[in-house]
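Enquirer: Next up, start09.cif (mmCIF, C-alpha atoms).
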data_target
loop_
_atom_site.label_atom_id
_atom_site.label_comp_id
_atom_site.auth_asym_id
_atom_site.auth_seq_id
_atom_site.Cartn_x
_atom_site.Cartn_y
_atom_site.Cartn_z
CA MET W 338 124.00 43.29 33.61
CA LEU W 339 126.19 46.01 35.10
CA ILE W 340 129.22 45.08 37.23
CA VAL W 341 130.56 47.65 39.68
CA THR W 342 133.82 47.40 41.61
CA GLY W 343 134.24 49.50 44.73
CA ALA W 344 130.50 49.15 45.37
CA THR W 345 130.87 49.83 49.10
CA GLY W 346 132.55 53.21 48.54
CA LEU W 347 130.77 56.54 48.08
CA LEU W 348 130.69 56.58 44.27
CA GLY W 349 130.40 52.82 43.78
CA ASN W 350 127.53 52.52 46.24
CA THR W 351 125.75 55.48 44.68
CA LEU W 352 126.27 53.94 41.23
CA VAL W 353 124.63 50.70 42.32
CA ARG W 354 121.68 52.55 43.81
CA ARG W 355 121.20 54.80 40.76
CA ALA W 356 121.43 51.80 38.43
CA LEU W 357 118.87 49.83 40.41
CA GLY W 358 116.64 52.89 40.41
CA ARG W 359 116.69 52.74 36.62
CA GLY W 360 115.65 49.10 36.62
CA LEU W 361 119.11 47.81 35.69
CA GLN W 362 120.55 44.58 37.02
CA ALA W 363 123.66 45.24 39.09
CA THR W 364 126.45 43.05 40.41
CA ALA W 365 128.92 44.20 43.05
CA LEU W 366 132.42 42.82 42.56
CA LEU W 367 133.99 42.99 46.03
CA ARG W 368 137.29 42.08 47.59
CA ASP W 369 137.25 39.05 49.89
CA LYS W 370 137.15 41.03 53.15
CA SER W 371 134.93 43.92 52.09
CA ALA W 372 131.99 44.62 54.38
CA THR W 373 128.57 44.28 52.77
CA ARG W 374 126.61 46.64 55.04
CA PRO W 375 126.43 49.36 52.34
CA LEU W 376 124.60 46.87 50.12
CA ASP W 377 122.12 45.62 52.72
CA GLY W 378 118.57 45.61 51.41
CA LEU W 379 119.58 46.15 47.80
CA ALA W 380 118.62 43.70 45.04
CA VAL W 381 122.24 43.32 44.00
CA ARG W 382 124.27 40.21 43.31
CA ILE W 383 127.60 40.05 45.15
CA ILE W 384 130.72 38.40 43.75
CA ARG W 385 133.94 38.25 45.75
CA ALA W 386 137.24 38.13 43.90
CA ASP W 387 140.86 39.19 44.05
CA LEU W 388 141.30 41.50 41.07
CA ALA W 389 145.06 41.16 41.35
CA GLY W 390 145.11 37.36 41.25
CA ASP W 391 141.87 35.61 40.29
CA ALA W 392 140.78 34.78 36.75
CA LEU W 393 138.59 37.71 35.77
CA GLU W 394 137.34 36.90 32.27
CA PRO W 395 134.77 34.33 33.51
CA LEU W 396 133.49 36.91 36.03
CA VAL W 397 132.90 39.68 33.49
CA ALA W 398 131.73 37.52 30.57
CA GLY W 399 128.14 38.29 29.67
CA ALA W 400 128.10 41.68 31.39
CA ARG W 401 126.85 44.73 29.54
CA CYS W 402 129.48 46.95 31.16
CA VAL W 403 132.03 46.89 33.98
CA ILE W 404 132.47 50.10 35.96
CA HIS W 405 135.77 50.02 37.81
CA ALA W 406 135.29 52.42 40.72
CA GLY W 407 137.38 50.57 43.29
CA ALA W 408 140.69 52.14 44.29
CA ARG W 409 143.08 52.83 47.10
CA VAL W 410 142.79 56.55 47.90
CA ALA W 411 145.04 58.69 50.08
CA ILE W 412 146.89 61.92 49.35
CA GLY W 413 150.57 61.63 50.13
CA ARG W 414 153.89 60.56 48.69
CA ARG W 415 154.55 57.31 50.53
CA ASP W 416 153.76 53.68 49.61
CA LEU W 417 153.80 54.11 45.83
CA GLU W 418 154.34 50.39 45.25
CA ALA W 419 151.35 49.54 47.44
CA PHE W 420 149.23 51.97 45.41
CA ARG W 421 150.42 50.30 42.23
CA VAL W 422 149.44 46.89 43.60
CA ASP W 423 145.96 48.13 44.53
CA ASN W 424 145.28 50.51 41.63
CA VAL W 425 147.39 49.66 38.60
CA VAL W 426 147.54 45.87 38.66
CA PRO W 427 143.77 45.27 39.13
CA THR W 428 142.92 47.87 36.48
CA ALA W 429 145.29 46.34 33.93
CA ARG W 430 143.98 42.83 34.58
CA LEU W 431 140.34 43.93 34.49
CA ALA W 432 140.91 45.83 31.23
CA ALA W 433 142.50 42.76 29.65
CA ALA W 434 139.63 40.56 30.84
CA CYS W 435 137.01 42.95 29.46
CA ARG W 436 138.78 43.06 26.10
CA ALA W 437 138.92 39.28 25.94
CA ALA W 438 135.24 38.99 26.89
CA GLY W 439 134.08 41.79 24.59
CA VAL W 440 132.69 43.85 27.50
CA ARG W 441 132.73 47.64 27.79
CA LEU W 442 134.82 49.09 30.64
CA VAL W 443 134.31 52.46 32.31
CA PHE W 444 137.37 53.31 34.35
CA VAL W 445 136.85 55.79 37.17
CA SER W 446 140.06 57.76 37.42
CA THR W 447 140.50 61.15 39.09
CA VAL W 448 140.91 64.81 38.21
CA ASP W 449 144.31 64.53 39.90
CA THR W 450 145.74 63.06 36.69
CA LEU W 451 144.81 66.23 34.77
CA ALA W 452 146.24 69.75 34.76
CA TRP W 453 144.21 71.92 37.09
CA GLY W 454 143.27 75.47 36.27
CA SER W 455 141.67 78.50 37.85
CA ARG W 456 137.99 79.42 37.94
CA ALA W 457 138.55 81.79 35.04
CA ALA W 458 140.56 79.24 33.05
CA PRO W 459 139.76 75.72 34.28
CA GLY W 460 141.59 72.65 33.06
CA ASP W 461 139.95 69.93 30.98
CA GLU W 462 140.40 66.42 29.57
CA THR W 463 143.01 67.48 27.02
CA ARG W 464 145.80 68.39 29.43
CA SER W 465 147.62 65.90 31.63
CA SER W 466 148.96 66.84 35.04
CA GLY W 467 151.88 69.22 34.90
CA ARG W 468 153.10 71.28 37.83
CA GLU W 469 150.63 69.83 40.32
CA PRO W 470 152.21 68.01 43.30
CA ALA W 471 152.65 64.34 42.44
CA THR W 472 151.22 61.86 44.93
CA ALA W 473 151.37 58.09 45.09
CA TYR W 474 147.65 58.07 44.34
CA SER W 475 147.83 60.33 41.27
CA ILE W 476 150.85 58.47 39.89
CA SER W 477 149.10 55.12 40.26
CA LYS W 478 145.91 56.39 38.66
CA ARG W 479 147.84 57.83 35.72
CA GLU W 480 149.55 54.46 35.23
CA ALA W 481 146.18 52.73 35.49
CA GLU W 482 144.82 55.04 32.76
CA ASP W 483 147.79 54.11 30.58
CA ALA W 484 147.00 50.41 31.12
CA VAL W 485 143.40 50.97 29.99
CA LEU W 486 144.47 52.95 26.93
CA ALA W 487 146.98 50.23 26.01
CA GLU W 488 144.09 47.73 25.94
CA VAL W 489 141.97 50.19 23.93
CA ALA W 490 144.72 50.15 21.30
CA LEU W 491 144.25 46.37 21.18
CA GLY W 492 140.48 46.59 20.78
CA LEU W 493 139.02 47.19 24.25
CA ASP W 494 135.83 49.25 24.33
CA ALA W 495 136.55 51.63 27.23
CA VAL W 496 135.87 55.11 28.57
CA ILE W 497 137.72 57.03 31.29
CA VAL W 498 135.96 59.44 33.66
CA HIS W 499 137.54 61.96 36.04
CA PRO W 500 135.30 62.82 39.03
CA GLY W 501 135.78 65.96 41.11
CA PHE W 502 135.44 66.25 44.90
CA LEU W 503 132.52 63.96 45.70
CA LEU W 504 130.02 64.63 48.47
CA GLY W 505 126.65 63.11 49.24
CA PRO W 506 124.76 60.32 50.99
CA TRP W 507 125.96 56.71 51.20
CA ASP W 508 129.48 57.68 52.33
CA TRP W 509 129.77 54.72 54.65
CA LYS W 510 133.48 54.85 55.39
CA PRO W 511 133.28 57.96 55.40
CA SER W 512 135.68 59.13 52.68
CA SER W 513 135.49 62.67 51.31
CA GLY W 514 132.58 63.26 53.68
CA ARG W 515 135.08 63.46 56.53
CA LEU W 516 135.59 67.06 55.42
CA ILE W 517 131.94 67.82 56.17
CA LEU W 518 132.07 66.14 59.58
CA GLU W 519 135.30 67.87 60.61
CA VAL W 520 134.25 71.33 59.43
CA ALA W 521 130.78 71.03 60.97
CA ARG W 522 132.04 69.78 64.34
CA ALA W 523 134.79 72.34 64.85
CA PRO W 524 134.26 75.47 67.00
CA PHE W 525 135.52 77.40 63.99
CA ALA W 526 136.96 76.36 60.62
CA LEU W 527 140.42 77.32 59.35
CA ALA W 528 140.32 76.94 55.58
CA PRO W 529 143.38 76.43 53.37
CA PRO W 530 143.91 79.09 50.68
CA GLY W 531 143.15 76.93 47.63
CA GLY W 532 139.95 75.74 46.02
CA ASN W 533 138.23 72.71 44.54
CA ASP W 534 135.21 71.60 42.50
CA PHE W 535 132.53 70.08 44.75
CA CYS W 536 129.95 67.75 43.19
CA HIS W 537 127.04 65.56 44.26
CA ALA W 538 127.91 61.86 44.10
CA ALA W 539 124.51 61.12 42.54
CA ASP W 540 125.18 63.54 39.66
CA VAL W 541 128.59 61.98 39.04
CA ALA W 542 127.05 58.50 39.17
CA ASP W 543 124.52 59.56 36.54
CA GLY W 544 127.37 60.91 34.42
CA VAL W 545 129.22 57.61 34.73
CA LEU W 546 126.11 55.67 33.72
CA ALA W 547 125.63 57.99 30.74
CA ALA W 548 129.24 57.35 29.72
CA ALA W 549 128.63 53.62 30.01
CA GLU W 550 125.60 53.90 27.74
CA ARG W 551 126.73 56.20 24.95
CA ALA W 552 130.30 57.52 25.19
CA VAL W 553 132.64 56.76 22.31
CA SER W 554 135.36 54.23 23.10
CA GLY W 555 138.65 55.84 23.99
CA SER W 556 137.05 59.08 25.18
CA ARG W 557 137.45 60.66 28.59
CA TYR W 558 135.26 63.03 30.58
CA VAL W 559 135.68 65.35 33.54
CA LEU W 560 132.70 64.99 35.91
CA SER W 561 133.23 67.93 38.18
CA GLY W 562 131.10 70.39 40.11
CA GLU W 563 130.82 73.89 41.51
CA ALA W 564 134.12 75.75 41.76
CA LEU W 565 134.62 77.14 45.27
CA SER W 566 137.44 78.31 47.45
CA TYR W 567 137.80 76.17 50.57
CA ALA W 568 136.63 79.14 52.64
CA GLU W 569 133.45 79.35 50.55
CA ALA W 570 132.95 75.59 50.80
CA PHE W 571 133.46 75.57 54.57
CA ARG W 572 130.91 78.36 54.94
CA LEU W 573 128.35 76.34 52.97
CA ILE W 574 129.10 73.21 55.00
CA ARG W 575 128.54 75.00 58.29
CA ARG W 576 125.34 76.53 56.97
CA ALA W 577 124.09 73.10 55.84
CA ALA W 578 124.84 71.75 59.33
CA GLY W 579 123.16 74.69 61.08
CA ARG W 580 126.45 76.03 62.45
CA THR W 581 127.56 79.64 62.68
CA PRO W 582 129.87 80.54 59.76
CA ARG W 583 133.06 80.99 61.79
CA ILE W 584 135.60 80.76 58.98
CA ALA W 585 139.13 82.07 58.55
CA THR W 586 141.61 81.40 55.73
CA ALA W 587 145.03 80.12 56.77
CA PRO W 588 148.07 81.68 55.10
CA ALA W 589 149.92 79.39 52.69
CA TRP W 590 153.06 79.40 54.85
CA LEU W 591 151.10 78.05 57.83
CA VAL W 592 149.55 75.27 55.73
CA ALA W 593 153.00 74.34 54.38
CA ALA W 594 154.47 74.29 57.90
CA ALA W 595 151.65 72.03 59.07
CA GLY W 596 152.36 69.70 56.14
CA ARG W 597 156.04 69.48 57.08
CA ALA W 598 155.05 68.73 60.66
CA GLY W 599 152.85 65.93 59.33
CA ASP W 600 155.83 64.48 57.48
CA LEU W 601 157.81 64.42 60.74
CA ILE W 602 154.96 62.72 62.55
CA GLY W 603 154.77 60.14 59.76
CA ALA W 604 158.51 59.50 59.92
CA VAL W 605 158.25 58.75 63.64
CA SER W 606 154.99 56.79 63.57
CA GLY W 607 155.63 54.94 60.31
CA ARG W 608 152.21 55.98 59.01
CA GLU W 609 151.69 59.02 56.80
CA PRO W 610 148.99 61.32 58.27
CA ALA W 611 146.29 62.91 56.14
CA LEU W 612 147.98 66.28 56.55
CA ASN W 613 151.42 65.97 54.98
CA SER W 614 153.57 68.09 52.69
CA ALA W 615 151.88 66.75 49.54
CA SER W 616 148.30 67.27 50.73
CA ALA W 617 149.24 70.68 52.18
CA ALA W 618 150.66 71.77 48.82
CA ILE W 619 147.54 70.62 47.00
CA VAL W 620 145.00 72.41 49.22
CA ALA W 621 146.92 75.65 48.81
CA LEU W 622 146.27 75.63 45.05
CA PRO W 623 143.23 76.24 42.84
CA HIS W 624 141.96 72.86 41.66
CA HIS W 625 139.39 73.59 38.97
CA LEU W 626 138.35 71.76 35.80
CA SER W 627 135.60 72.15 33.23
CA SER W 628 132.85 69.58 32.66
CA ALA W 629 131.75 71.25 29.42
CA LEU W 630 132.49 68.17 27.31
CA ALA W 631 130.45 65.92 29.60
CA ALA W 632 127.62 68.46 29.56
CA ARG W 633 127.62 68.43 25.76
CA ASP W 634 128.00 64.69 25.17
CA LEU W 635 126.45 63.11 28.26
CA GLY W 636 123.94 65.70 29.46
CA TYR W 637 125.91 66.10 32.68
CA ARG W 638 124.29 68.73 34.91
CA PRO W 639 125.81 68.94 38.40
CA ARG W 640 123.74 70.54 41.14
CA PRO W 641 125.01 73.36 43.38
CA ALA W 642 127.53 72.18 45.93
CA GLU W 643 125.36 73.22 48.86
CA ILE W 644 122.77 70.60 47.91
CA ALA W 645 125.42 67.88 48.03
CA MET W 646 126.61 69.16 51.40
CA ARG W 647 123.10 69.31 52.82
CA ASP W 648 122.23 65.83 51.54
CA ALA W 649 125.46 64.42 52.96
CA TRP W 650 124.92 66.08 56.36
CA THR W 651 121.34 64.79 56.53
CA TRP W 652 122.55 61.27 55.75
CA PHE W 653 125.38 61.44 58.29
CA THR W 654 123.08 62.63 61.05
CA GLY W 655 120.50 59.99 60.17
CA HIS W 656 123.09 57.22 60.33
CA GLY W 657 124.79 58.22 63.57
CA TYR W 658 127.95 59.79 62.19
CA ALA W 659 127.20 63.31 63.45
#
Mind turning this structure into structure tokens?
Expert:
Amino acid sequence: MLIVTGATGLLGNTLVRRALGRGLQATALLRDKSATRPLDGLAVRIIRADLAGDALEPLVAGARCVIHAGARVAIGRRDLEAFRVDNVVPTARLAAACRAAGVRLVFVSTVDTLAWGSRAAPGDETRSSGREPATAYSISKREAEDAVLAEVALGLDAVIVHPGFLLGPWDWKPSSGRLILEVARAPFALAPPGGNDFCHAADVADGVLAAAERAVSGSRYVLSGEALSYAEAFRLIRRAAGRTPRIATAPAWLVAAAGRAGDLIGAVSGREPALNSASAAIVALPHHLSSALAARDLGYRPRPAEIAMRDAWTWFTGHGYA
């Protein structure tokens, strides 16, 4: 039996569907108030629990593997303690429960805890984040990784994976797919000057399942995708959506100014907007990592980014988002 947390999110939901497609038994471990619509029609068992407070060992006992894909995700500097409550505490408790029950854990972290590189010299699993802008999310995920590795030192069988920028169907919230909707809907798209690695959620899910099956305990893997500038990515998104490729690249100073304006808006409203000084600094940088180790050990083979964009757009239009 496979247990998946975050099973209503893009990666978690895709993981459940890919696992069921392989004939595996899957259980979704959900928070008390999580909606179940993303799981409708699936032959999946649902367990509700508070990962920060409930006894977890009885819930994971007997499982073949627990994949912890649930997390609080937002790119900014505020609310670090809230991110720790949602990301660090549940991960530490789940890791301890898996160790006690003798169950493998695959922890889904993020490439934001690693040192990014350029297309010519991408980063990899061996280098931790350095000069990249620190966010509450990346700090909490780094601390969650440390909690997992501390349990590995005590005997936990665990693997850490670092997904890139996920796109694809089953993005119910939507999460990263908001980029596709916003770029496709706009009269023209103003791209930031940086870049990212765009990957199909189904390919990443397959990589996670491969790690669950055969990765060595204590190892970590980047599960990334096609390296593109944001201007290149926006052009592909508009093409996938049947839009004219009206794209311009914003100068870094304009992106930084917009981020500072977002900080002012957040100070007045009490809620940090998606565009803030931290997110503005990040999208102005190259954000590239190599998946060579996952390709060698796990057979990871990500598809071109345009396929992920097209599949996501088709799903969004079919489900009334666009």
Enquirer: Once the PyMOL selection byres ((chain W and resi 616) around 10) has been evaluated on this model, what residues remain selected, and can you format them as an mmCIF file with C-alpha atoms, in the frame of the given file?
Expert:
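Okay, this is what ended up in out.cif:
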data_model
loop_
_atom_site.group_PDB
_atom_site.id
_atom_site.type_symbol
_atom_site.label_atom_id
_atom_site.label_comp_id
_atom_site.auth_asym_id
_atom_site.auth_seq_id
_atom_site.Cartn_x
_atom_site.Cartn_y
_atom_site.Cartn_z
ATOM 1 C CA ALA W 411 145.040 58.690 50.080
ATOM 2 C CA ILE W 412 146.890 61.920 49.350
ATOM 3 C CA GLY W 413 150.570 61.630 50.130
ATOM 4 C CA ARG W 414 153.890 60.560 48.690
ATOM 5 C CA PRO W 470 152.210 68.010 43.300
ATOM 6 C CA ALA W 471 152.650 64.340 42.440
ATOM 7 C CA THR W 472 151.220 61.860 44.930
ATOM 8 C CA VAL W 592 149.550 75.270 55.730
ATOM 9 C CA ALA W 593 153.000 74.340 54.380
ATOM 10 C CA GLY W 596 152.360 69.700 56.140
ATOM 11 C CA GLY W 599 152.850 65.930 59.330
ATOM 12 C CA PRO W 610 148.990 61.320 58.270
ATOM 13 C CA ALA W 611 146.290 62.910 56.140
ATOM 14 C CA LEU W 612 147.980 66.280 56.550
ATOM 15 C CA ASN W 613 151.420 65.970 54.980
ATOM 16 C CA SER W 614 153.570 68.090 52.690
ATOM 17 C CA ALA W 615 151.880 66.750 49.540
ATOM 18 C CA ALA W 617 149.240 70.680 52.180
ATOM 19 C CA ALA W 618 150.660 71.770 48.820
ATOM 20 C CA ILE W 619 147.540 70.620 47.000
ATOM 21 C CA VAL W 620 145.000 72.410 49.220
ATOM 22 C CA ALA W 621 146.920 75.650 48.810
#
Enquirer: Nearest to W:Gly407 among W:Arg551, W:Arg368, W:Arg354, W:Arg597, with distances taken over all atoms listed in the file: which residue is it?
Expert: W:Arg368
Enquirer: Counting only C-alpha atoms, what is within 12 Å of W:Asp449, bar same-chain residues fewer than 5 positions away, as an MDAnalysis selection string?
Expert: chainID W and resid 410:412 454 460:462 464:479 482 498:502 533:534 559 561 616 619 624:626
Enquirer: Please save C-alpha atoms of the selected residues as a PDB file, in the coordinates of the input.
Expert:
ATOM      1  CA  VAL W 410     142.790  56.550  47.900  1.00  0.00           C
ATOM      2  CA  ALA W 411     145.040  58.690  50.080  1.00  0.00           C
ATOM      3  CA  ILE W 412     146.890  61.920  49.350  1.00  0.00           C
ATOM      4  CA  GLY W 454     143.270  75.470  36.270  1.00  0.00           C
ATOM      5  CA  GLY W 460     141.590  72.650  33.060  1.00  0.00           C
ATOM      6  CA  ASP W 461     139.950  69.930  30.980  1.00  0.00           C
ATOM      7  CA  GLU W 462     140.400  66.420  29.570  1.00  0.00           C
ATOM      8  CA  ARG W 464     145.800  68.390  29.430  1.00  0.00           C
ATOM      9  CA  SER W 465     147.620  65.900  31.630  1.00  0.00           C
ATOM     10  CA  SER W 466     148.960  66.840  35.040  1.00  0.00           C
ATOM     11  CA  GLY W 467     151.880  69.220  34.900  1.00  0.00           C
ATOM     12  CA  ARG W 468     153.100  71.280  37.830  1.00  0.00           C
ATOM     13  CA  GLU W 469     150.630  69.830  40.320  1.00  0.00           C
ATOM     14  CA  PRO W 470     152.210  68.010  43.300  1.00  0.00           C
ATOM     15  CA  ALA W 471     152.650  64.340  42.440  1.00  0.00           C
ATOM     16  CA  THR W 472     151.220  61.860  44.930  1.00  0.00           C
ATOM     17  CA  ALA W 473     151.370  58.090  45.090  1.00  0.00           C
ATOM     18  CA  TYR W 474     147.650  58.070  44.340  1.00  0.00           C
ATOM     19  CA  SER W 475     147.830  60.330  41.270  1.00  0.00           C
ATOM     20  CA  ILE W 476     150.850  58.470  39.890  1.00  0.00           C
ATOM     21  CA  SER W 477     149.100  55.120  40.260  1.00  0.00           C
ATOM     22  CA  LYS W 478     145.910  56.390  38.660  1.00  0.00           C
ATOM     23  CA  ARG W 479     147.840  57.830  35.720  1.00  0.00           C
ATOM     24  CA  GLU W 482     144.820  55.040  32.760  1.00  0.00           C
ATOM     25  CA  VAL W 498     135.960  59.440  33.660  1.00  0.00           C
ATOM     26  CA  HIS W 499     137.540  61.960  36.040  1.00  0.00           C
ATOM     27  CA  PRO W 500     135.300  62.820  39.030  1.00  0.00           C
ATOM     28  CA  GLY W 501     135.780  65.960  41.110  1.00  0.00           C
ATOM     29  CA  PHE W 502     135.440  66.250  44.900  1.00  0.00           C
ATOM     30  CA  ASN W 533     138.230  72.710  44.540  1.00  0.00           C
ATOM     31  CA  ASP W 534     135.210  71.600  42.500  1.00  0.00           C
ATOM     32  CA  VAL W 559     135.680  65.350  33.540  1.00  0.00           C
ATOM     33  CA  SER W 561     133.230  67.930  38.180  1.00  0.00           C
ATOM     34  CA  SER W 616     148.300  67.270  50.730  1.00  0.00           C
ATOM     35  CA  ILE W 619     147.540  70.620  47.000  1.00  0.00           C
ATOM     36  CA  HIS W 624     141.960  72.860  41.660  1.00  0.00           C
ATOM     37  CA  HIS W 625     139.390  73.590  38.970  1.00  0.00           C
ATOM     38  CA  LEU W 626     138.350  71.760  35.800  1.00  0.00           C
TER      39      LEU W 626
END
Enquirer: As a check of understanding, name the residues that the PyMOL selection byres ((chain W and resi 531) around 6) selects in the supplied structure, as an MDAnalysis selection string.
Expert: chainID W and resid 529:530 532 566 620:623
Enquirer: Under the PyMOL selection byres ((chain W and resi 495) around 7), which residues of this model are included? Write them out as a list in words.
Expert: Arg441, Leu442, Val443, Val489, Leu493, Asp494, Val496, Ile497, Ser554 and Gly555 of chain W
Enquirer: So how many Å separate atom CA of W:Leu357 and atom CA of W:Val426, to one decimal?
Expert: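 So the answer is 29.0 Å.
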Enquirer: Could you check how far atom CA of W:Ala589 sits from atom CA of W:Ile602, in Å to one decimal?
Expert: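 We find that atom CA of W:Ala589 and atom CA of W:Ile602 lie 20.0 Å from each other.
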Enquirer: Env of W:Arg374: 12 Å cut, atoms = all atoms listed in the file, seq-sep filter 6 positions within chain, self excluded. Answer as a compact mmCIF listing (two decimals) with C-alpha atoms, in the frame of the given file.
Expert:
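Written out: out.txt:
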# COMPACT_ATOMS: atom_id res chain seq x y z
CA ALA W 344 130.50 49.15 45.37
CA THR W 345 130.87 49.83 49.10
CA GLY W 346 132.55 53.21 48.54
CA ASN W 350 127.53 52.52 46.24
CA ILE W 383 127.60 40.05 45.15
CA TRP W 507 125.96 56.71 51.20
CA ASP W 508 129.48 57.68 52.33
CA TRP W 509 129.77 54.72 54.65
CA LYS W 510 133.48 54.85 55.39
Enquirer: Return the single residue from W:Ala548, W:Leu451, W:Val553, W:Ala528 that is closest to W:Leu565, with distances computed using all atoms listed in the file.
Expert: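 Among the listed residues, the smallest separation from W:Leu565 belongs to W:Ala528.
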Enquirer: Quick one: of W:Arg456, W:Arg572, W:Arg385, W:Arg401, who's nearest to W:Leu361, counting all atoms listed in the file?
Expert: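 Checking each candidate against W:Leu361, we get W:Arg401 as the closest.
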Enquirer: For atom CA of W:Ser455 and atom CA of W:Ala629, quote the distance in Å rounded to one decimal.
Expert: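 So the two atoms, atom CA of W:Ser455 and atom CA of W:Ala629, lie 14.9 Å apart.
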Enquirer: List the neighbours of W:Arg640 out to 12 Å using all atoms listed in the file; skip same-chain residues closer than 6 positions along the sequence, and give me the result as number ranges by chain.
Expert: W: 503-505, 534-541, 543, 560-564, 646-648
Enquirer: Could you check the closest approach to W:Val545 for each of W:Val422, W:Ala631, W:Leu396, W:Ala595 and tell me which residue wins, using only C-alpha atoms?
Expert: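 Counting only C-alpha atoms, the residue closest to W:Val545 is W:Ala631.
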Enquirer: Check the smallest atom-to-atom distance from each of W:Arg633, W:Arg382, W:Lys370, W:Arg415 to W:Ala552 using only C-alpha atoms, then report the winner.
Expert: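 Checking each of W:Arg633, W:Arg382, W:Lys370, W:Arg415 against W:Ala552, counting only C-alpha atoms, the winner is W:Arg633.
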Enquirer: Which polymer residues, whether protein, DNA or RNA, lie within 8 Å of the coordinate (138.1, 81.7, 57.5) when you count only C-alpha atoms? List them as an mmCIF file with C-alpha atoms, keeping the file's coordinate frame, using the chain letters and numbers from the file.
Expert:
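And here's point-v8.cif as it stands now:
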data_model
loop_
_atom_site.group_PDB
_atom_site.id
_atom_site.type_symbol
_atom_site.label_atom_id
_atom_site.label_comp_id
_atom_site.auth_asym_id
_atom_site.auth_seq_id
_atom_site.Cartn_x
_atom_site.Cartn_y
_atom_site.Cartn_z
ATOM 1 C CA ALA W 526 136.960 76.360 60.620
ATOM 2 C CA LEU W 527 140.420 77.320 59.350
ATOM 3 C CA ALA W 528 140.320 76.940 55.580
ATOM 4 C CA ALA W 568 136.630 79.140 52.640
ATOM 5 C CA ARG W 583 133.060 80.990 61.790
ATOM 6 C CA ILE W 584 135.600 80.760 58.980
ATOM 7 C CA ALA W 585 139.130 82.070 58.550
ATOM 8 C CA THR W 586 141.610 81.400 55.730
ATOM 9 C CA ALA W 587 145.030 80.120 56.770
#
Enquirer: Of the candidates W:Ala437, W:Gln362, W:Ser512, W:Glu609, which shows the shortest atom-to-atom distance to W:Arg409, using all atoms listed in the file?
Expert: W:Ser512
